[in-house]
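Quick notes on the structure that follows.
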Amino acid sequence: MRRTIVVAAALIAGTLAYPAPAGASATLTQVPYPIDSSNQAAWWSPLDTYTPGNDYAYLAFNEPGATAGTHRVAIARRDTAGTFTKLPVMNGAAQAEYTDDVGHNQPSIARDGTGRFHVFASMHNNAWRYFRSDTVGGNPVNHAADLPDQGIGVTYPVLTTAPNGDVYLIARLDGTQAAGRSGRLYRWNDAAGTWSRVAIFAASGNRAVYPDDMQFDAAGNLHILWEWGLYPATAFRHQLSYLVYHPATGAFTDHTGAAVTVPVSTSSADVVQPIETAEVYEGNDSTGPAGQSAKLTLDGTSPKIAYRYRNTASGSTFMIRYAYVNGAGAWVRDTVYSAGQTTAAIDITWDATDLKRVYYTRSSGTDRLFMATNNGTTWTHTSVAPGKPIERFAVERSAAGVDVLYLVDLTNLRLYYGRN
């Protein structure tokens, strides 16, 4: 279904840190299982919820492996009474275990309409590592052979569940420099129990696609968000891009509803954040304007996007931005927070009272995770997890109208479940 800046330091930088106004913090519960230090990413979708009356939550995570530098894949399931159960993700007779690769080898999860779990884990240009429950709510087991596009390196699997119970997946697949590393869309047909490739939705020579997010709207259409990087890979990305897939017709459109031919390229994509002055595609030594992560939510069928970006004025500081479509049908961008450095994680939900809720993390301070809300023209910033050094997280808006939180404390290696 579908985050304490020292005032003196801010003044030296020429800006004043935003205050953290008094407000209700989220209700947090520590998940009673140890996590591995590799349990961190910005692109992932490690959280899913199900609402049969009260919220169930499923938190896919890396727990420590048998030796240093390895991790095992598991699901923490929270029931309506608040009781946690751990479900190991199985690779044959043993729990799935892989070498740590921070930023790449983290799990994504979705629950299909039948109640089976789908988990993609530990892929950094690896062939499919895919696990699915054979019974409702059962431990996922290896089903990598069920996917199309076998034998190609896959990275950044992002999942979501359709209103009819199908599961959709976007991921980056390896390719040549001339063709680029493409973004591909896949569908799990829940009724038939099969996977198929819907389309290569994005590809451009000498570029690599970086999947960020996808969400279904009230009309049953799938909104897709990604960035572009220099081939073969880079920590810094550009031209945050957007696309809508219509399952009923198989068509793709841009934010205006105009038909789009896929795969789109850097020159044909519907770009949310255009290239700014002095911004160029560079490798990991880049110091210029760039983006790094993004998430989206929907108000009906209208996209609302939160993302991290640095421009010439902000230097090395990644600010938090918000983008939406105005009444004239154009992308509009607003700055949510720019008073200090942020970390890679970001998320956004839509609430009837607060309207947009942008979650982000500051890179220092006693409080790290903040939620910025704006129901008019002013952004209000509230600490979500006071006193806890949250660095990575994910948020899902449950069917019950609650923001369910997946919060990672890397300092103390703790995972928290929260409700906001």
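Residues in the structure tokens are numbered from 1 in each chain, the chains being A, B, ... in the order shown, and ligands are numbered from 1 in the order shown.
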
Just the residues within 8 Å of Arg184 of chain A, please, counting only C-alpha atoms, with nothing from its chain fewer than 3 positions along; format it as a PDB file with C-alpha atoms, in the first residue's frame.
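Saved to result13.pdb:
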```pdb
ATOM      1  CA  ILE A 170      11.220  -1.432 -11.635  1.00  0.00           C
ATOM      2  CA  ALA A 171      14.948  -2.088 -11.740  1.00  0.00           C
ATOM      3  CA  ARG A 172      18.093  -1.095 -13.597  1.00  0.00           C
ATOM      4  CA  LEU A 173      19.561  -3.701 -15.914  1.00  0.00           C
ATOM      5  CA  ARG A 197       8.343  -7.692 -18.674  1.00  0.00           C
ATOM      6  CA  VAL A 198       6.020  -4.771 -19.415  1.00  0.00           C
ATOM      7  CA  ALA A 199       8.568  -2.511 -21.071  1.00  0.00           C
ATOM      8  CA  ILE A 200      12.018  -1.002 -21.133  1.00  0.00           C
ATOM      9  CA  PHE A 201      10.797   2.390 -19.970  1.00  0.00           C
ATOM     10  CA  ALA A 202      14.064   4.376 -20.009  1.00  0.00           C
TER      11      ALA A 202
END
```

ask   = Got a sec: who's within 9 Å of segment 49-61 of chain A, counting only C-alpha atoms, leaving out chain neighbours fewer than 3 positions off, as number ranges by chain?
value = A: 1-2, 35-36, 39-40, 45-46, 72-82, 106-111, 119, 396-400, 404, 406, 415, 417

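Closest approach to Glu391 of chain A among A:Tyr359, A:Ala345, A:Ala258, A:Arg419 is made by A:Ala345 (distances from only C-alpha atoms).
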
request  = Report as a ChimeraX atom specification: the residues of segment 113-329 of chain A with a DSSP assignment of strand (DSSP E or B), based on the backbone of this structure.
outcome  = /A:117-120,124-126,130-133,140-142,154-161,167-173,181-189,194-202,207-216,222-230,237-246,251-253,259,264,270-273,290-299,302-310,319-325

Put those residues in a file: C-alpha atoms, as an mmCIF file, in the first residue's frame.
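Result file is part01.cif:
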```
data_model
loop_
_atom_site.group_PDB
_atom_site.id
_atom_site.type_symbol
_atom_site.label_atom_id
_atom_site.label_comp_id
_atom_site.auth_asym_id
_atom_site.auth_seq_id
_atom_site.Cartn_x
_atom_site.Cartn_y
_atom_site.Cartn_z
ATOM 1 C CA PHE A 117 5.545 -12.022 -0.058
ATOM 2 C CA HIS A 118 7.858 -11.002 -2.895
ATOM 3 C CA VAL A 119 11.426 -10.079 -1.908
ATOM 4 C CA PHE A 120 14.283 -8.910 -4.119
ATOM 5 C CA HIS A 124 24.395 -5.073 -7.580
ATOM 6 C CA ASN A 125 24.721 -6.040 -11.215
ATOM 7 C CA ASN A 126 23.836 -9.595 -10.204
ATOM 8 C CA TYR A 130 14.197 -13.163 -6.020
ATOM 9 C CA PHE A 131 12.192 -14.914 -3.315
ATOM 10 C CA ARG A 132 8.448 -15.554 -3.037
ATOM 11 C CA SER A 133 6.170 -17.244 -0.511
ATOM 12 C CA PRO A 140 9.845 -16.529 0.856
ATOM 13 C CA VAL A 141 11.903 -19.106 -1.064
ATOM 14 C CA ASN A 142 14.077 -18.807 -4.158
ATOM 15 C CA VAL A 154 20.222 -6.213 -12.036
ATOM 16 C CA THR A 155 20.396 -3.364 -9.491
ATOM 17 C CA TYR A 156 17.942 -1.207 -7.479
ATOM 18 C CA PRO A 157 14.721 -3.287 -7.391
ATOM 19 C CA VAL A 158 11.739 -1.158 -6.292
ATOM 20 C CA LEU A 159 8.315 -2.773 -5.722
ATOM 21 C CA THR A 160 4.694 -1.761 -5.297
ATOM 22 C CA THR A 161 1.336 -3.548 -5.273
ATOM 23 C CA VAL A 167 2.981 -6.632 -8.048
ATOM 24 C CA TYR A 168 5.032 -4.246 -10.188
ATOM 25 C CA LEU A 169 8.807 -3.980 -10.189
ATOM 26 C CA ILE A 170 11.220 -1.432 -11.635
ATOM 27 C CA ALA A 171 14.948 -2.088 -11.740
ATOM 28 C CA ARG A 172 18.093 -1.095 -13.597
ATOM 29 C CA LEU A 173 19.561 -3.701 -15.914
ATOM 30 C CA ARG A 181 21.968 0.804 -18.377
ATOM 31 C CA SER A 182 18.220 0.712 -18.850
ATOM 32 C CA GLY A 183 15.224 1.004 -16.560
ATOM 33 C CA ARG A 184 12.739 -1.847 -16.945
ATOM 34 C CA LEU A 185 9.195 -2.426 -15.697
ATOM 35 C CA TYR A 186 7.898 -5.891 -14.762
ATOM 36 C CA ARG A 187 4.529 -7.234 -13.637
ATOM 37 C CA TRP A 188 3.566 -10.142 -11.411
ATOM 38 C CA ASN A 189 0.151 -11.345 -12.597
ATOM 39 C CA THR A 194 3.565 -15.378 -13.536
ATOM 40 C CA TRP A 195 6.079 -12.580 -14.167
ATOM 41 C CA SER A 196 6.431 -10.713 -17.449
ATOM 42 C CA ARG A 197 8.343 -7.692 -18.674
ATOM 43 C CA VAL A 198 6.020 -4.771 -19.415
ATOM 44 C CA ALA A 199 8.568 -2.511 -21.071
ATOM 45 C CA ILE A 200 12.018 -1.002 -21.133
ATOM 46 C CA PHE A 201 10.797 2.390 -19.970
ATOM 47 C CA ALA A 202 14.064 4.376 -20.009
ATOM 48 C CA ARG A 207 23.791 6.900 -19.123
ATOM 49 C CA ALA A 208 22.563 4.695 -16.270
ATOM 50 C CA VAL A 209 19.015 4.699 -14.905
ATOM 51 C CA TYR A 210 18.575 5.055 -11.125
ATOM 52 C CA PRO A 211 15.078 3.887 -10.035
ATOM 53 C CA ASP A 212 13.607 5.924 -7.169
ATOM 54 C CA ASP A 213 9.942 5.136 -6.653
ATOM 55 C CA MET A 214 6.583 4.169 -8.132
ATOM 56 C CA GLN A 215 3.030 4.539 -6.844
ATOM 57 C CA PHE A 216 -0.482 3.740 -8.077
ATOM 58 C CA LEU A 222 1.278 3.602 -12.182
ATOM 59 C CA HIS A 223 3.539 6.661 -11.675
ATOM 60 C CA ILE A 224 7.288 6.016 -12.068
ATOM 61 C CA LEU A 225 10.196 8.158 -10.844
ATOM 62 C CA TRP A 226 13.906 7.839 -11.605
ATOM 63 C CA GLU A 227 17.153 9.748 -12.176
ATOM 64 C CA TRP A 228 19.971 9.485 -14.710
ATOM 65 C CA GLY A 229 23.673 9.053 -14.019
ATOM 66 C CA LEU A 230 26.827 8.881 -16.101
ATOM 67 C CA ARG A 237 22.464 11.933 -10.675
ATOM 68 C CA HIS A 238 20.610 14.360 -12.903
ATOM 69 C CA GLN A 239 17.371 15.088 -14.736
ATOM 70 C CA LEU A 240 14.905 13.610 -12.242
ATOM 71 C CA SER A 241 12.315 12.076 -14.579
ATOM 72 C CA TYR A 242 8.698 10.954 -14.454
ATOM 73 C CA LEU A 243 6.420 8.643 -16.425
ATOM 74 C CA VAL A 244 2.901 7.210 -16.097
ATOM 75 C CA TYR A 245 1.960 3.676 -17.153
ATOM 76 C CA HIS A 246 -1.703 2.827 -17.806
ATOM 77 C CA ALA A 251 0.016 3.156 -22.814
ATOM 78 C CA PHE A 252 2.642 5.463 -21.309
ATOM 79 C CA THR A 253 2.057 9.193 -20.822
ATOM 80 C CA ALA A 259 1.304 9.873 -25.129
ATOM 81 C CA VAL A 264 12.392 7.499 -23.155
ATOM 82 C CA ASP A 270 9.426 14.222 -18.765
ATOM 83 C CA VAL A 271 12.010 15.984 -16.577
ATOM 84 C CA VAL A 272 10.967 17.204 -13.115
ATOM 85 C CA GLN A 273 14.320 18.802 -12.253
ATOM 86 C CA ALA A 290 23.408 17.108 -8.887
ATOM 87 C CA GLY A 291 20.617 15.078 -7.344
ATOM 88 C CA GLN A 292 20.794 11.851 -5.380
ATOM 89 C CA SER A 293 17.426 10.420 -4.314
ATOM 90 C CA ALA A 294 13.693 11.057 -4.709
ATOM 91 C CA LYS A 295 10.269 9.718 -3.725
ATOM 92 C CA LEU A 296 6.722 10.459 -4.811
ATOM 93 C CA THR A 297 3.141 10.410 -3.549
ATOM 94 C CA LEU A 298 -0.194 11.222 -5.156
ATOM 95 C CA ASP A 299 -3.153 13.444 -4.466
ATOM 96 C CA SER A 302 -1.599 14.425 -9.218
ATOM 97 C CA PRO A 303 2.079 13.659 -8.434
ATOM 98 C CA LYS A 304 3.897 15.243 -5.483
ATOM 99 C CA ILE A 305 7.649 14.655 -5.411
ATOM 100 C CA ALA A 306 10.345 15.138 -2.763
ATOM 101 C CA TYR A 307 14.022 14.964 -3.721
ATOM 102 C CA ARG A 308 17.550 15.901 -2.680
ATOM 103 C CA TYR A 309 19.446 18.341 -4.851
ATOM 104 C CA ARG A 310 22.483 20.585 -4.713
ATOM 105 C CA MET A 319 18.930 20.592 0.046
ATOM 106 C CA ILE A 320 15.430 19.127 0.137
ATOM 107 C CA ARG A 321 13.127 20.126 -2.704
ATOM 108 C CA TYR A 322 9.472 19.561 -3.494
ATOM 109 C CA ALA A 323 7.955 19.449 -6.984
ATOM 110 C CA TYR A 324 4.352 19.412 -8.169
ATOM 111 C CA VAL A 325 2.260 20.241 -11.237
#
```

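Computed from the coordinates, the atom CA of Thr261 of chain A to atom CA of Ile152 of chain A distance equals 23.9 Å.
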
request  = May I ask which of the residues A:Thr70, A:Thr176, A:Thr335, A:Ser286 is the closest one to Pro232 of chain A, counting only C-alpha atoms?
outcome  =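 Closest to Pro232 of chain A of all the choices is A:Thr176.
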
ask   = What is the atom CA of Trp43 of chain A-atom CA of Phe236 of chain A distance in Å, reported with one decimal?
value = 13.3 Å

key: Of the listed residues A:Asn221, A:Gln150, A:Thr373, A:Thr114, that which approaches Arg129 of chain A most closely, counting only C-alpha atoms   =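 Going through A:Asn221, A:Gln150, A:Thr373, A:Thr114 one by one, the smallest distance to Arg129 of chain A is for A:Gln150.
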